[in-house]
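Heads up, my_file.txt below (compact mmCIF, C-alpha atoms):
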# COMPACT_ATOMS: atom_id res chain seq x y z
CA MET A 281 2.68 -55.35 13.13
CA SER A 282 0.13 -56.38 15.75
CA ASP A 283 -3.54 -56.78 14.82
CA LEU A 284 -5.53 -53.59 14.61
CA LYS A 285 -8.07 -53.12 17.38
CA VAL A 286 -10.67 -51.56 15.10
CA SER A 287 -12.24 -53.60 12.34
CA LYS A 288 -12.45 -52.66 8.68
CA ILE A 289 -15.19 -50.26 7.61
CA SER A 290 -17.65 -50.99 4.82
CA ASN A 291 -18.08 -47.50 3.43
CA GLY A 292 -16.35 -44.23 4.10
CA THR A 293 -12.84 -42.87 4.39
CA VAL A 294 -9.69 -44.11 6.07
CA ILE A 295 -6.89 -41.62 6.55
CA ASP A 296 -3.70 -43.53 7.12
CA HIS A 297 -0.11 -42.48 7.88
CA ILE A 298 -1.09 -39.41 9.88
CA SER A 299 1.94 -38.22 11.86
CA PRO A 300 1.68 -39.67 15.39
CA GLY A 301 -0.33 -37.44 17.71
CA LYS A 302 -1.84 -35.36 14.89
CA GLY A 303 -5.01 -37.47 14.55
CA LEU A 304 -7.04 -35.32 16.92
CA VAL A 305 -6.27 -32.11 15.04
CA VAL A 306 -7.13 -33.77 11.74
CA MET A 307 -10.47 -34.74 13.30
CA SER A 308 -11.01 -31.20 14.44
CA LEU A 309 -10.05 -29.85 11.03
CA LEU A 310 -12.64 -32.09 9.39
CA GLY A 311 -15.27 -31.01 11.87
CA LEU A 312 -15.56 -34.50 13.36
CA ASP A 313 -16.72 -33.49 16.80
CA GLY A 314 -19.19 -36.27 17.47
CA SER A 315 -22.23 -34.22 16.56
CA SER A 316 -22.93 -36.28 13.43
CA LYS A 317 -24.26 -39.80 13.75
CA ARG A 318 -21.34 -41.29 11.82
CA THR A 319 -19.08 -43.75 13.56
CA THR A 320 -15.57 -42.37 13.76
CA SER A 321 -12.54 -44.26 15.04
CA LEU A 322 -9.17 -42.80 15.80
CA LEU A 323 -6.15 -44.95 16.45
CA MET A 324 -3.15 -43.18 17.85
CA ASN A 325 0.49 -44.22 17.93
CA VAL A 326 -0.07 -47.42 15.97
CA GLU A 327 3.13 -49.24 14.99
CA SER A 328 4.11 -48.58 11.40
CA SER A 329 6.89 -50.07 9.28
CA LYS A 330 7.06 -46.89 7.18
CA MET A 331 7.06 -44.27 9.92
CA GLU A 332 7.56 -46.18 13.20
CA ARG A 333 4.36 -44.76 14.71
CA LYS A 334 1.30 -43.29 13.06
CA ASP A 335 -2.30 -42.28 13.66
CA ILE A 336 -5.20 -43.67 11.63
CA LEU A 337 -8.63 -42.11 11.30
CA LYS A 338 -11.66 -44.05 10.07
CA VAL A 339 -14.84 -42.20 9.21
CA GLU A 340 -17.79 -44.35 8.27
CA ASP A 341 -20.25 -43.34 5.54
CA ARG A 342 -18.43 -40.17 4.59
CA LYS A 343 -16.24 -39.73 1.55
CA LEU A 344 -13.83 -36.83 1.86
CA LYS A 345 -14.15 -34.14 -0.76
CA GLU A 346 -11.11 -32.92 -2.67
CA GLU A 347 -10.75 -29.71 -0.64
CA GLU A 348 -10.97 -31.69 2.59
CA VAL A 349 -8.19 -34.00 1.43
CA MET A 350 -6.13 -30.91 0.66
CA SER A 351 -6.70 -29.44 4.07
CA VAL A 352 -5.51 -32.70 5.67
CA SER A 353 -2.26 -32.27 3.76
CA VAL A 354 -1.42 -29.12 5.72
CA LEU A 355 -1.40 -31.03 9.00
CA ALA A 356 -0.40 -34.46 7.84
CA PRO A 357 1.66 -34.14 4.65
CA GLU A 358 2.49 -37.87 4.57
CA ALA A 359 -1.06 -39.14 4.99
CA THR A 360 -2.84 -41.40 2.55
CA VAL A 361 -6.57 -41.19 2.05
CA ASN A 362 -8.45 -44.37 1.18
CA ILE A 363 -12.01 -44.19 -0.01
CA ILE A 364 -13.86 -47.36 0.90
CA ASP A 365 -16.89 -48.65 -0.92
CA ASN A 366 -18.43 -51.99 -0.08
CA GLN A 367 -15.42 -53.04 1.98
CA SER A 368 -12.93 -52.41 -0.83
CA VAL A 369 -10.58 -49.52 -1.41
CA VAL A 370 -11.95 -47.83 -4.53
CA GLU A 371 -9.64 -44.85 -4.43
CA LYS A 372 -6.30 -44.24 -2.79
CA LYS A 373 -4.97 -40.70 -2.67
CA LEU A 374 -1.67 -39.39 -1.47
CA VAL A 375 -2.36 -36.03 0.02
CA GLU A 376 -0.53 -33.27 -1.74
CA LEU A 377 -0.03 -29.70 -0.62
CA PRO A 378 -2.03 -27.51 -2.96
CA GLU A 379 -1.08 -23.97 -3.93
CA LYS A 380 -4.14 -22.66 -2.15
CA ILE A 381 -6.60 -23.86 0.47
CA GLU A 382 -10.04 -22.31 0.42
CA GLY A 383 -12.91 -22.34 2.87
CA VAL A 384 -11.54 -24.84 5.37
CA LEU A 385 -9.11 -23.11 7.75
CA GLU A 386 -9.75 -20.03 9.85
CA CYS A 387 -7.40 -17.07 10.05
CA PRO A 388 -5.98 -16.66 13.58
CA ASN A 389 -5.55 -12.89 13.14
CA PRO A 390 -8.40 -11.32 15.16
CA HIS A 391 -8.19 -8.16 13.01
CA CYS A 392 -8.58 -10.04 9.73
CA VAL A 393 -11.73 -9.18 7.81
CA THR A 394 -12.52 -12.90 7.59
CA ASN A 395 -13.20 -12.83 11.35
CA THR A 396 -16.01 -10.31 10.97
CA ASP A 397 -19.56 -10.93 9.76
CA GLU A 398 -18.64 -10.53 6.10
CA PRO A 399 -19.83 -13.25 3.75
CA LEU A 400 -16.54 -14.73 2.54
CA ASP A 401 -14.41 -17.83 2.70
CA VAL A 402 -10.89 -17.69 4.04
CA SER A 403 -8.26 -18.63 1.55
CA PHE A 404 -4.65 -19.44 2.35
CA GLU A 405 -1.76 -19.55 -0.04
CA ILE A 406 0.91 -22.15 0.76
CA ILE A 407 4.11 -20.12 0.57
CA ASP A 408 6.49 -22.74 1.98
CA LYS A 409 6.21 -26.50 2.10
CA LYS A 410 8.94 -27.47 4.59
CA PRO A 411 8.01 -26.41 7.18
CA VAL A 412 4.52 -25.57 5.98
CA MET A 413 3.89 -21.82 5.98
CA LEU A 414 0.56 -20.32 4.93
CA LYS A 415 -0.38 -16.76 4.03
CA CYS A 416 -3.91 -15.48 4.54
CA GLY A 417 -5.32 -14.27 1.24
CA TYR A 418 -6.95 -11.27 2.91
CA CYS A 419 -4.84 -9.90 5.80
CA GLU A 420 -1.59 -11.21 4.21
CA ARG A 421 -0.27 -12.48 7.55
CA LYS A 422 1.87 -15.58 7.49
CA PHE A 423 1.38 -18.54 9.80
CA THR A 424 2.91 -21.89 10.62
CA THR A 425 0.56 -24.83 11.15
CA GLN A 426 1.11 -24.47 14.91
CA GLU A 427 -0.09 -20.89 14.75
CA LEU A 428 -3.28 -21.89 12.95
CA ASP A 429 -5.71 -22.59 15.72
CA ILE A 430 -6.74 -26.07 14.63
CA MET B 1097 -10.02 -7.28 -16.03
CA LYS B 1098 -10.34 -4.32 -13.67
CA LYS B 1099 -7.22 -3.09 -11.94
CA ASN B 1100 -7.00 -2.53 -8.19
CA LEU B 1101 -4.31 -1.29 -5.82
CA ILE B 1102 -4.40 -3.35 -2.66
CA SER B 1103 -0.90 -4.24 -1.52
CA ILE B 1104 2.67 -3.32 -2.40
CA ASN B 1105 3.35 -7.06 -2.42
CA ASP B 1106 1.12 -7.43 -5.48
CA LEU B 1107 3.32 -5.07 -7.49
CA GLU B 1108 6.41 -5.72 -9.52
CA ARG B 1109 8.98 -3.05 -10.23
CA SER B 1110 7.43 -2.33 -13.63
CA ASP B 1111 4.02 -1.73 -12.01
CA ILE B 1112 5.54 0.65 -9.46
CA GLU B 1113 7.41 2.50 -12.21
CA SER B 1114 4.22 2.80 -14.19
CA PHE B 1115 2.39 4.46 -11.29
CA LEU B 1116 5.33 6.81 -10.66
CA SER B 1117 5.74 7.82 -14.27
CA THR B 1118 2.01 8.57 -14.71
CA ALA B 1119 2.18 10.70 -11.55
CA SER B 1120 5.18 12.52 -12.93
CA GLU B 1121 3.48 13.11 -16.31
CA VAL B 1122 0.29 14.44 -14.76
CA GLU B 1123 2.27 16.75 -12.47
CA LYS B 1124 3.73 18.49 -15.52
CA LEU B 1125 0.31 19.47 -16.82
CA THR B 1126 -1.24 22.86 -16.21
CA LYS B 1127 -4.18 22.80 -13.81
CA ARG B 1128 -6.55 23.48 -16.70
CA LYS B 1129 -5.21 20.62 -18.81
CA ALA B 1130 -5.26 18.22 -15.87
CA SER B 1131 -8.86 19.11 -15.12
CA ASP B 1132 -9.88 18.06 -18.63
CA ILE B 1133 -8.85 14.44 -18.08
CA LEU B 1134 -11.68 12.99 -16.00
CA PRO B 1135 -14.72 15.27 -16.18
CA GLY B 1136 -17.85 13.42 -15.14
CA CYS B 1137 -15.92 10.78 -13.21
CA ILE B 1138 -16.72 10.19 -9.56
CA LEU B 1139 -14.45 8.77 -6.88
CA SER B 1140 -15.94 7.46 -3.65
CA THR B 1141 -14.12 7.31 -0.35
CA LEU B 1142 -15.41 4.61 1.96
CA PHE B 1143 -13.60 5.35 5.20
CA LEU B 1144 -14.54 3.29 8.20
CA GLU B 1145 -12.02 5.03 10.41
CA PRO B 1146 -10.76 8.61 10.57
CA SER B 1147 -8.18 9.93 8.14
CA THR B 1148 -7.05 13.41 7.21
CA ARG B 1149 -4.26 13.29 4.66
CA THR B 1150 -5.26 10.20 2.72
CA ARG B 1151 -8.90 11.18 2.25
CA LEU B 1152 -8.24 14.84 1.52
CA SER B 1153 -5.43 14.15 -0.93
CA PHE B 1154 -7.59 11.63 -2.81
CA GLU B 1155 -10.38 14.19 -3.00
CA ALA B 1156 -7.94 16.85 -4.18
CA ALA B 1157 -6.43 14.43 -6.72
CA MET B 1158 -9.81 13.55 -8.27
CA GLN B 1159 -10.92 17.18 -8.32
CA ARG B 1160 -7.64 18.26 -9.96
CA LEU B 1161 -8.41 15.72 -12.68
CA GLY B 1162 -11.79 17.34 -13.26
CA GLY B 1163 -13.79 14.67 -11.48
CA THR B 1164 -15.82 14.83 -8.31
CA THR B 1165 -15.97 12.84 -5.10
CA ILE B 1166 -18.52 11.46 -2.69
CA ASN B 1167 -17.64 10.43 0.83
CA LEU B 1168 -18.97 8.05 3.36
CA ALA B 1169 -17.89 9.23 6.80
CA SER B 1170 -17.30 6.59 9.43
CA GLU B 1171 -19.43 8.23 12.11
CA VAL B 1172 -22.58 8.34 10.01
CA SER B 1173 -22.00 5.22 8.01
CA SER B 1174 -24.57 2.54 7.46
CA VAL B 1175 -22.03 0.10 8.89
CA GLN B 1176 -22.71 1.75 12.24
CA LYS B 1177 -26.34 0.75 11.75
CA GLY B 1178 -25.37 -2.87 11.32
CA GLU B 1179 -24.98 -3.24 7.55
CA ASN B 1180 -21.94 -5.31 6.63
CA ILE B 1181 -19.01 -3.78 4.75
CA THR B 1182 -19.68 -5.91 1.68
CA ASP B 1183 -23.17 -4.47 1.18
CA THR B 1184 -22.08 -0.91 1.97
CA GLY B 1185 -19.11 -1.29 -0.38
CA LYS B 1186 -21.26 -2.65 -3.22
CA VAL B 1187 -23.66 0.26 -2.90
CA VAL B 1188 -21.05 3.02 -2.58
CA ALA B 1189 -18.78 1.62 -5.31
CA GLY B 1190 -21.83 1.16 -7.52
CA TYR B 1191 -22.50 4.90 -7.45
CA THR B 1192 -19.02 5.73 -8.70
CA ASP B 1193 -16.19 4.90 -11.10
CA ILE B 1194 -13.48 4.15 -8.55
CA CYS B 1195 -13.48 3.66 -4.78
CA VAL B 1196 -10.94 4.21 -1.98
CA VAL B 1197 -11.44 2.09 1.14
CA ARG B 1198 -9.99 2.50 4.61
CA SER B 1199 -10.86 0.02 7.31
CA PRO B 1200 -9.55 -1.17 10.66
CA TYR B 1201 -10.05 -4.75 9.43
CA GLU B 1202 -7.10 -6.18 7.53
CA GLY B 1203 -8.06 -7.47 4.11
CA THR B 1204 -11.18 -5.30 3.68
CA ALA B 1205 -10.01 -3.68 0.44
CA ARG B 1206 -9.07 -7.04 -1.06
CA MET B 1207 -12.45 -8.44 -0.10
CA LEU B 1208 -14.18 -5.57 -1.89
CA THR B 1209 -12.25 -6.22 -5.11
CA GLU B 1210 -14.20 -9.49 -5.29
CA LYS B 1211 -17.55 -7.91 -4.55
CA THR B 1212 -17.52 -4.80 -6.73
CA LYS B 1213 -17.09 -3.95 -10.38
CA VAL B 1214 -15.01 -0.75 -10.13
CA PRO B 1215 -11.29 -0.40 -9.25
CA ILE B 1216 -10.68 -0.53 -5.50
CA ILE B 1217 -7.83 1.36 -3.84
CA ASN B 1218 -6.65 0.35 -0.41
CA GLY B 1219 -6.45 3.54 1.67
CA GLY B 1220 -5.13 1.58 4.66
CA ASP B 1221 -6.31 -1.67 6.24
CA GLY B 1222 -5.39 -1.96 9.92
CA ALA B 1223 -1.75 -2.85 10.46
CA ASN B 1224 -1.52 -4.46 7.03
CA GLN B 1225 -1.00 -2.18 4.02
CA HIS B 1226 -1.12 1.42 2.91
CA PRO B 1227 0.17 1.18 -0.66
CA THR B 1228 -0.70 4.71 -1.79
CA GLN B 1229 1.48 6.12 1.02
CA THR B 1230 4.34 3.94 -0.19
CA LEU B 1231 3.90 5.07 -3.79
CA LEU B 1232 3.91 8.72 -2.75
CA ASP B 1233 7.06 8.08 -0.68
CA LEU B 1234 8.77 6.50 -3.70
CA PHE B 1235 7.49 9.33 -5.90
CA THR B 1236 9.11 11.84 -3.53
CA ILE B 1237 12.44 10.00 -3.54
CA LYS B 1238 12.44 9.61 -7.32
CA LYS B 1239 11.48 13.22 -7.88
CA GLU B 1240 14.37 14.32 -5.69
CA PHE B 1241 17.12 12.06 -7.00
CA GLY B 1242 15.89 11.14 -10.48
CA SER B 1243 16.35 7.46 -9.65
CA ILE B 1244 15.85 5.23 -6.65
CA ASP B 1245 18.62 2.77 -7.49
CA GLY B 1246 21.96 3.36 -5.83
CA LEU B 1247 20.64 5.31 -2.84
CA LYS B 1248 21.50 4.74 0.81
CA ILE B 1249 18.18 4.81 2.68
CA GLY B 1250 17.74 4.81 6.44
CA MET B 1251 14.49 4.07 8.25
CA MET B 1252 14.25 5.20 11.83
CA GLY B 1253 11.88 5.09 14.78
CA ASP B 1254 9.05 2.61 15.22
CA LEU B 1255 10.00 -0.07 12.74
CA LYS B 1256 8.08 -2.77 14.60
CA TYR B 1257 4.51 -1.56 14.27
CA GLY B 1258 4.74 1.12 11.58
CA ARG B 1259 3.05 -0.18 8.43
CA THR B 1260 4.50 2.65 6.30
CA VAL B 1261 8.06 1.51 6.92
CA HIS B 1262 7.15 -2.15 6.37
CA SER B 1263 5.57 -1.39 2.99
CA LEU B 1264 8.36 0.97 2.01
CA ALA B 1265 11.00 -1.65 2.82
CA GLU B 1266 9.07 -4.24 0.78
CA ALA B 1267 8.75 -1.84 -2.15
CA LEU B 1268 12.45 -0.94 -2.02
CA ASP B 1269 13.25 -4.62 -2.37
CA ASN B 1270 12.52 -4.05 -6.08
CA TYR B 1271 15.44 -1.59 -6.31
CA SER B 1272 19.21 -1.71 -5.80
CA VAL B 1273 19.40 0.31 -2.63
CA GLU B 1274 21.25 0.03 0.67
CA ILE B 1275 18.85 -0.10 3.59
CA ARG B 1276 19.83 0.80 7.16
CA LEU B 1277 17.36 0.24 9.99
CA ILE B 1278 17.77 2.53 12.98
CA SER B 1279 15.62 1.88 16.05
CA PRO B 1280 15.65 1.08 19.74
CA ASP B 1281 15.81 -2.66 20.35
CA GLU B 1282 12.19 -2.52 21.50
CA THR B 1283 10.88 -1.37 18.11
CA LYS B 1284 13.05 -3.30 15.67
CA MET B 1285 11.61 -4.31 12.32
CA PRO B 1286 10.04 -7.81 12.38
CA GLU B 1287 12.53 -10.51 11.48
CA HIS B 1288 10.54 -11.87 8.54
CA ILE B 1289 10.58 -8.49 6.77
CA VAL B 1290 14.29 -7.98 7.46
CA LYS B 1291 15.01 -11.37 5.88
CA GLU B 1292 12.71 -10.75 2.94
CA VAL B 1293 14.05 -7.37 1.89
CA GLY B 1294 17.79 -7.76 2.36
CA VAL B 1295 18.82 -5.15 4.90
CA GLU B 1296 22.47 -3.99 4.96
CA GLU B 1297 22.58 -2.84 8.57
CA GLU B 1298 20.50 -2.75 11.74
CA THR B 1299 21.56 -0.43 14.52
CA ASN B 1300 20.26 1.23 17.68
CA LYS B 1301 22.60 4.21 17.16
CA MET B 1302 21.62 7.26 15.17
CA LYS B 1303 23.98 6.71 12.22
CA ILE B 1304 22.66 9.18 9.68
CA LYS B 1305 25.65 11.12 8.32
CA ASP B 1306 26.14 9.16 5.10
CA LEU B 1307 22.48 8.58 4.18
CA ASP B 1308 20.77 9.97 1.07
CA VAL B 1309 17.30 9.49 2.53
CA LEU B 1310 16.29 9.34 6.18
CA TYR B 1311 12.71 8.16 6.65
CA THR B 1312 11.68 8.64 10.24
CA THR B 1313 8.49 7.62 12.05
CA ARG B 1314 6.98 8.34 15.44
CA ILE B 1315 7.75 6.05 18.35
CA GLN B 1316 4.33 5.62 19.85
CA LYS B 1317 4.01 5.73 23.62
CA GLU B 1318 1.09 3.32 23.63
CA ARG B 1319 3.28 0.58 22.11
CA PHE B 1320 5.48 0.40 25.20
CA PRO B 1321 4.25 -1.76 28.06
CA ASP B 1322 6.87 -0.12 30.30
CA LYS B 1323 6.42 3.67 30.25
CA GLN B 1324 9.86 4.28 31.79
CA GLU B 1325 11.39 2.43 28.91
CA TYR B 1326 9.51 4.70 26.50
CA GLU B 1327 10.84 7.78 28.28
CA ARG B 1328 14.34 6.38 27.97
CA VAL B 1329 14.23 5.70 24.22
CA LYS B 1330 12.00 8.47 22.93
CA ASP B 1331 14.65 11.22 23.10
CA VAL B 1332 17.40 9.13 21.57
CA PHE B 1333 15.72 9.42 18.20
CA VAL B 1334 14.64 13.03 18.24
CA LEU B 1335 15.90 15.07 15.31
CA ASP B 1336 16.71 18.59 16.36
CA GLU B 1337 18.53 21.18 14.27
CA GLU B 1338 21.97 19.91 15.28
CA ARG B 1339 21.14 16.35 14.34
CA VAL B 1340 19.65 17.25 10.96
CA LYS B 1341 22.75 19.34 10.21
CA GLU B 1342 24.83 16.16 10.62
CA MET B 1343 23.14 14.80 7.50
CA LYS B 1344 24.59 15.32 4.03
CA LYS B 1345 23.57 18.66 2.51
CA ASP B 1346 21.82 16.98 -0.40
CA ALA B 1347 20.16 14.28 1.71
CA ILE B 1348 16.44 14.40 2.37
CA LEU B 1349 14.52 13.88 5.58
CA MET B 1350 11.08 12.28 5.21
CA HIS B 1351 8.23 11.53 7.64
CA PRO B 1352 4.70 10.23 6.89
CA LEU B 1353 3.24 12.77 9.40
CA PRO B 1354 1.76 13.55 11.83
CA ARG B 1355 4.98 14.21 13.71
CA ILE B 1356 4.85 14.93 17.40
CA ASP B 1357 8.27 15.41 18.98
CA GLU B 1358 10.50 13.32 16.78
CA ILE B 1359 11.39 16.20 14.44
CA LYS B 1360 11.64 19.58 16.14
CA PRO B 1361 9.93 22.45 14.23
CA GLU B 1362 13.31 24.22 14.04
CA GLY B 1363 14.40 21.49 11.61
CA ASP B 1364 11.70 22.49 9.11
CA LYS B 1365 13.73 25.29 7.62
CA LEU B 1366 16.80 23.14 6.98
CA PRO B 1367 17.54 22.13 3.38
CA GLN B 1368 17.08 18.43 4.15
CA ALA B 1369 13.48 18.74 5.40
CA ARG B 1370 11.07 17.28 2.83
CA TYR B 1371 8.11 16.03 4.86
CA PHE B 1372 5.71 18.78 3.85
CA GLU B 1373 6.67 18.39 0.17
CA GLN B 1374 6.23 14.65 0.68
CA ALA B 1375 2.69 15.21 1.98
CA LYS B 1376 2.00 17.56 -0.94
CA ASN B 1377 3.25 14.92 -3.36
CA GLY B 1378 0.32 12.82 -2.18
CA VAL B 1379 -1.87 14.65 -4.68
CA PRO B 1380 0.08 14.01 -7.94
CA ALA B 1381 0.96 10.51 -6.73
CA ARG B 1382 -2.72 9.74 -6.20
CA MET B 1383 -3.69 11.41 -9.47
CA GLY B 1384 -1.29 8.95 -11.11
CA ILE B 1385 -2.85 6.04 -9.22
CA ILE B 1386 -6.40 7.00 -10.26
CA LEU B 1387 -5.40 7.35 -13.91
CA GLU B 1388 -3.46 4.08 -13.97
CA LEU B 1389 -6.34 2.14 -12.44
CA LEU B 1390 -8.88 3.69 -14.78
CA GLY B 1391 -6.58 2.96 -17.73
CA VAL B 1392 -6.43 6.60 -18.82
CA GLU B 1393 -3.28 7.84 -20.50
CA VAL B 1394 -1.86 11.30 -19.93
CA ASN B 1395 -1.17 13.26 -23.10
CA VAL B 1396 1.30 16.02 -22.35

Written as C-alpha cells, that's how I'd like the structure from this file.
Amino acid sequence: MSDLKVSKISNGTVIDHISPGKGLVVMSLLGLDGSSKRTTSLLMNVESSKMERKDILKVEDRKLKEEEVMSVSVLAPEATVNIIDNQSVVEKKLVELPEKIEGVLECPNPHCVTNTDEPLDVSFEIIDKKPVMLKCGYCERKFTTQELDI
Amino acid sequence: MKKNLISINDLERSDIESFLSTASEVEKLTKRKASDILPGCILSTLFLEPSTRTRLSFEAAMQRLGGTTINLASEVSSVQKGENITDTGKVVAGYTDICVVRSPYEGTARMLTEKTKVPIINGGDGANQHPTQTLLDLFTIKKEFGSIDGLKIGMMGDLKYGRTVHSLAEALDNYSVEIRLISPDETKMPEHIVKEVGVEEETNKMKIKDLDVLYTTRIQKERFPDKQEYERVKDVFVLDEERVKEMKKDAILMHPLPRIDEIKPEGDKLPQARYFEQAKNGVPARMGIILELLGVEVNV
C-alpha cells in the first residue's frame, strides 16, 4: 500500500474501512460540516488489502460516543473505529448493527410526528441487516439506507 | 405497566383474541349491567382532525359502560393556538382515565404513550394505523362465522392507500385464512404488505363468487393523477344488486364506510350486506378495547 497522504493524529477518532465513496455521508451523519474548529480529514478510495478500496475519516480531538459508533454501522457496516489518545490507539471497535438507533437519524416521512415541533428523538429499529432496513419507531414506515436522507 | 393500543403490528393473535372475547362478553350484558362497569370513569377524545364514526362510537362505548367522555375538537383546540401535541395530550389525558387520539401525523399516538400516564388508544394516525377499526372488522367476521380461521376473504377497491385494508391484512396474518386481493392495477396493495401477509391471489377481475367475506373500500378519485383512468376503473368495482347476488348466500359484504358509489343502495337489503351492522359493532368492539386497556374484567 502506498504511503498515506494525511499524517497520524494525536487525539481523536479514526474511522477506517468505510465502504469506498461512503465517507462523505458518514461525515454528514456525524454532523461534521466544518462548523466546528476540529480538523477533519477524509481520504477517499484509498487502496486496501482487505476491501480493495476504502474511505478513511480522521476527526481530531473528538472521541465518538457509543450511539455515534452505532449510527456509523448503518452506513458502513464493515468500518472500524479507532480511538486515539496521545498518538496511540487506546480503543478499537468494530462497528456492529444495534437493534435500535436512537436520536441520530431523521425520518424521511414528511408526515411522521418526529418531523413536527414535538420534543422527541427519532428511534429506528433495525429490522433487516443485509441489506440494512430500518423501521421508524413512530410512523412505522420502513426504509433502506438509500431512502434515509443522509 | 399501562396498556395501550397503537398498532395492529404490536399485537399477537392472543392479544387480538382477548380484545374480541371481551367485546363479545360485554355485548351479552343488559344495558343496565353494562352501565355498572365503569361509573365515574372518563374517556377523553383528542381528535386533531375530523371523525364521525370513530369518535361517536367511542363516546357511545364509554357511556354504555357507565362512564362519561370529554372531547377536544380540532377546530377549537389549543394546538390551533400553537401548543404542541405533547403538552395538549398531557393535559387532556391528565384529566381522564383513558384517551383516544386521532392525528394527521403518523406516530402521534405512540408518542403520547411515552408522555402520559393513562392508556392511549390510536384512533387513526395519518396513513399509518387505525387498529380499533381492524378489531371491529375482526369482531364482525368472528361474530358472523364463529371463527376466523378457514375463511376465504377478499379485499377489493383501493388497496394501495387504504389503511383499513393494510391493517386488516396484517391482522389476518395471525389466522389461517385465504386472502384474495381484487383491485385495478393502479391501486394494488403495496408489495411489502403482500409479501408479509402471504396472499393467495391478486387479481384485477371481480372474482367474488366463492368468497366468505368481501371487504370493499372506496376508490378515491383524488388518488388518480389521470382522471380518465379513474373514470375507466371506478365502475369496474361497483357492487350493484346483480353483483352482490353472485356472492354465496351465506357470505358477508363489509365496508368501513362512508361508501359513495361502490355499493349501490339497492344492495343494502340483500342478505350479504353487513356494513351497517359492522359500523354498529364499533360500539361493543370499543367497549371491549376500553375494558381490556383498563384491566377490567366482565362478569356475566

(message) Residues of chain B within 6 Å of chain A, counting only C-alpha atoms - could you list those as a ChimeraX atom specification?
(response) /B:1201-1204

(request) Just the residues within 12 Å of A:Lys345, please, counting all atoms listed in the file, with nothing from its chain fewer than 6 positions along; format it as a PyMOL selection string. (result) chain A and resi 292-293+310+351-352+361-363+373+375+384

Can you tell me, as an mmCIF file with C-alpha atoms, in the coordinates of the input, what residues are no more than 10 Å from B:Leu1116 when counting all atoms listed in the file, ignoring any on the same chain fewer than 3 positions away?
data_model
loop_
_atom_site.group_PDB
_atom_site.id
_atom_site.type_symbol
_atom_site.label_atom_id
_atom_site.label_comp_id
_atom_site.auth_asym_id
_atom_site.auth_seq_id
_atom_site.Cartn_x
_atom_site.Cartn_y
_atom_site.Cartn_z
ATOM 1 C CA SER B 1110 7.430 -2.330 -13.630
ATOM 2 C CA ASP B 1111 4.020 -1.730 -12.010
ATOM 3 C CA ILE B 1112 5.540 0.650 -9.460
ATOM 4 C CA GLU B 1113 7.410 2.500 -12.210
ATOM 5 C CA ALA B 1119 2.180 10.700 -11.550
ATOM 6 C CA SER B 1120 5.180 12.520 -12.930
ATOM 7 C CA GLU B 1121 3.480 13.110 -16.310
ATOM 8 C CA LEU B 1231 3.900 5.070 -3.790
ATOM 9 C CA LEU B 1232 3.910 8.720 -2.750
ATOM 10 C CA LEU B 1234 8.770 6.500 -3.700
ATOM 11 C CA PHE B 1235 7.490 9.330 -5.900
ATOM 12 C CA THR B 1236 9.110 11.840 -3.530
ATOM 13 C CA LYS B 1238 12.440 9.610 -7.320
ATOM 14 C CA LYS B 1239 11.480 13.220 -7.880
ATOM 15 C CA PRO B 1380 0.080 14.010 -7.940
ATOM 16 C CA ALA B 1381 0.960 10.510 -6.730
ATOM 17 C CA ARG B 1382 -2.720 9.740 -6.200
ATOM 18 C CA GLY B 1384 -1.290 8.950 -11.110
ATOM 19 C CA ILE B 1385 -2.850 6.040 -9.220
ATOM 20 C CA GLU B 1388 -3.460 4.080 -13.970
#

(request) One decimal, Å: what's the distance from atom CA of A:Ala359 over to atom CA of A:Leu374, could you say? (result)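 We find that atom CA of A:Ala359 and atom CA of A:Leu374 lie 6.5 Å from each other.
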
(message) Set the distance at 9 Å and use only C-alpha atoms: which residues neighbour A:Glu382 once local chain neighbours fewer than 2 positions away are removed? I'd like the list as a PyMOL selection string.
(response) chain A and resi 347+351+380+384-385+401-405

(message) List the spatial neighbours of A:Asp408 as a list of chain:residue names - criterion: any atom at most 12 Å away, all atoms listed in the file, same-chain residues fewer than 2 positions off excluded.
(response)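 These residues fall inside the cut-off: A:Val354, A:Leu377, A:Pro378, A:Glu379, A:Lys380, A:Phe404, A:Glu405, A:Ile406, A:Lys410, A:Pro411, A:Val412, A:Met413, A:Leu414, A:Lys415, A:Lys422, A:Phe423, A:Thr424, A:Thr425.
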
(message) Please report the interatomic distance between atom CA of B:Val1379 and atom CA of B:Lys1341 in Å with one decimal.
(response)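 Interatomic distance, atom CA of B:Val1379 to atom CA of B:Lys1341: 29.2 Å.
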
(request) Find the residues near stretch 317-319 of chain A: any atom within 7 Å, counting only C-alpha atoms, skip ones fewer than 6 places away on the same chain, and give them as a list in words. (result)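 Those residues are Val339, Glu340 and Asp341 of chain A.
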
Give me a file of those residues, with C-alpha atoms, as a short mmCIF file (atom, residue, chain, number, x, y, z; two decimals), keeping the file's coordinate frame.
data_model
loop_
_atom_site.label_atom_id
_atom_site.label_comp_id
_atom_site.auth_asym_id
_atom_site.auth_seq_id
_atom_site.Cartn_x
_atom_site.Cartn_y
_atom_site.Cartn_z
CA VAL A 339 -14.84 -42.20 9.21
CA GLU A 340 -17.79 -44.35 8.27
CA ASP A 341 -20.25 -43.34 5.54
#

(request) Could you jot down the atom CA of A:Glu346 to atom CA of A:Glu327 separation for me, Å, one decimal place? (result) 27.9 Å

(request) Find, counting all atoms listed in the file, the residue in B:Thr1192, B:Thr1312, B:Asn1180, B:Thr1150 that gets nearest to B:Lys1213. (result)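 Residue with the minimum atom-to-atom distance to B:Lys1213: B:Thr1192.
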
(message) Taking only C-alpha atoms into account, name the residue in B:Gly1222, B:Met1252, B:Leu1101, B:Glu1108 that is nearest to B:Val1196.
(response)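 Nearest to B:Val1196: B:Leu1101.
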
(request) Check the smallest atom-to-atom distance from each of A:Leu322, A:Asp313, A:Val370, A:Glu376 to A:Val349 using only C-alpha atoms, then report the winner. (result)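 Checking each of A:Leu322, A:Asp313, A:Val370, A:Glu376 against A:Val349, counting only C-alpha atoms, the winner is A:Glu376.
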
(request) Can you work out which one of A:Asn291, A:Ser328, A:Thr320, A:Gln426 has the shortest atom-to-atom distance to A:Ile364, counting only C-alpha atoms? (result)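 Among the listed residues, A:Asn291 lies closest to A:Ile364.
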
(request) Counting all atoms listed in the file, figure out which residue out of B:Ile1216, B:Ser1263, B:Asp1106, B:Ser1147 gets nearest to B:Leu1353. (result)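 Using all atoms listed in the file, B:Leu1353 sits closest to B:Ser1147.
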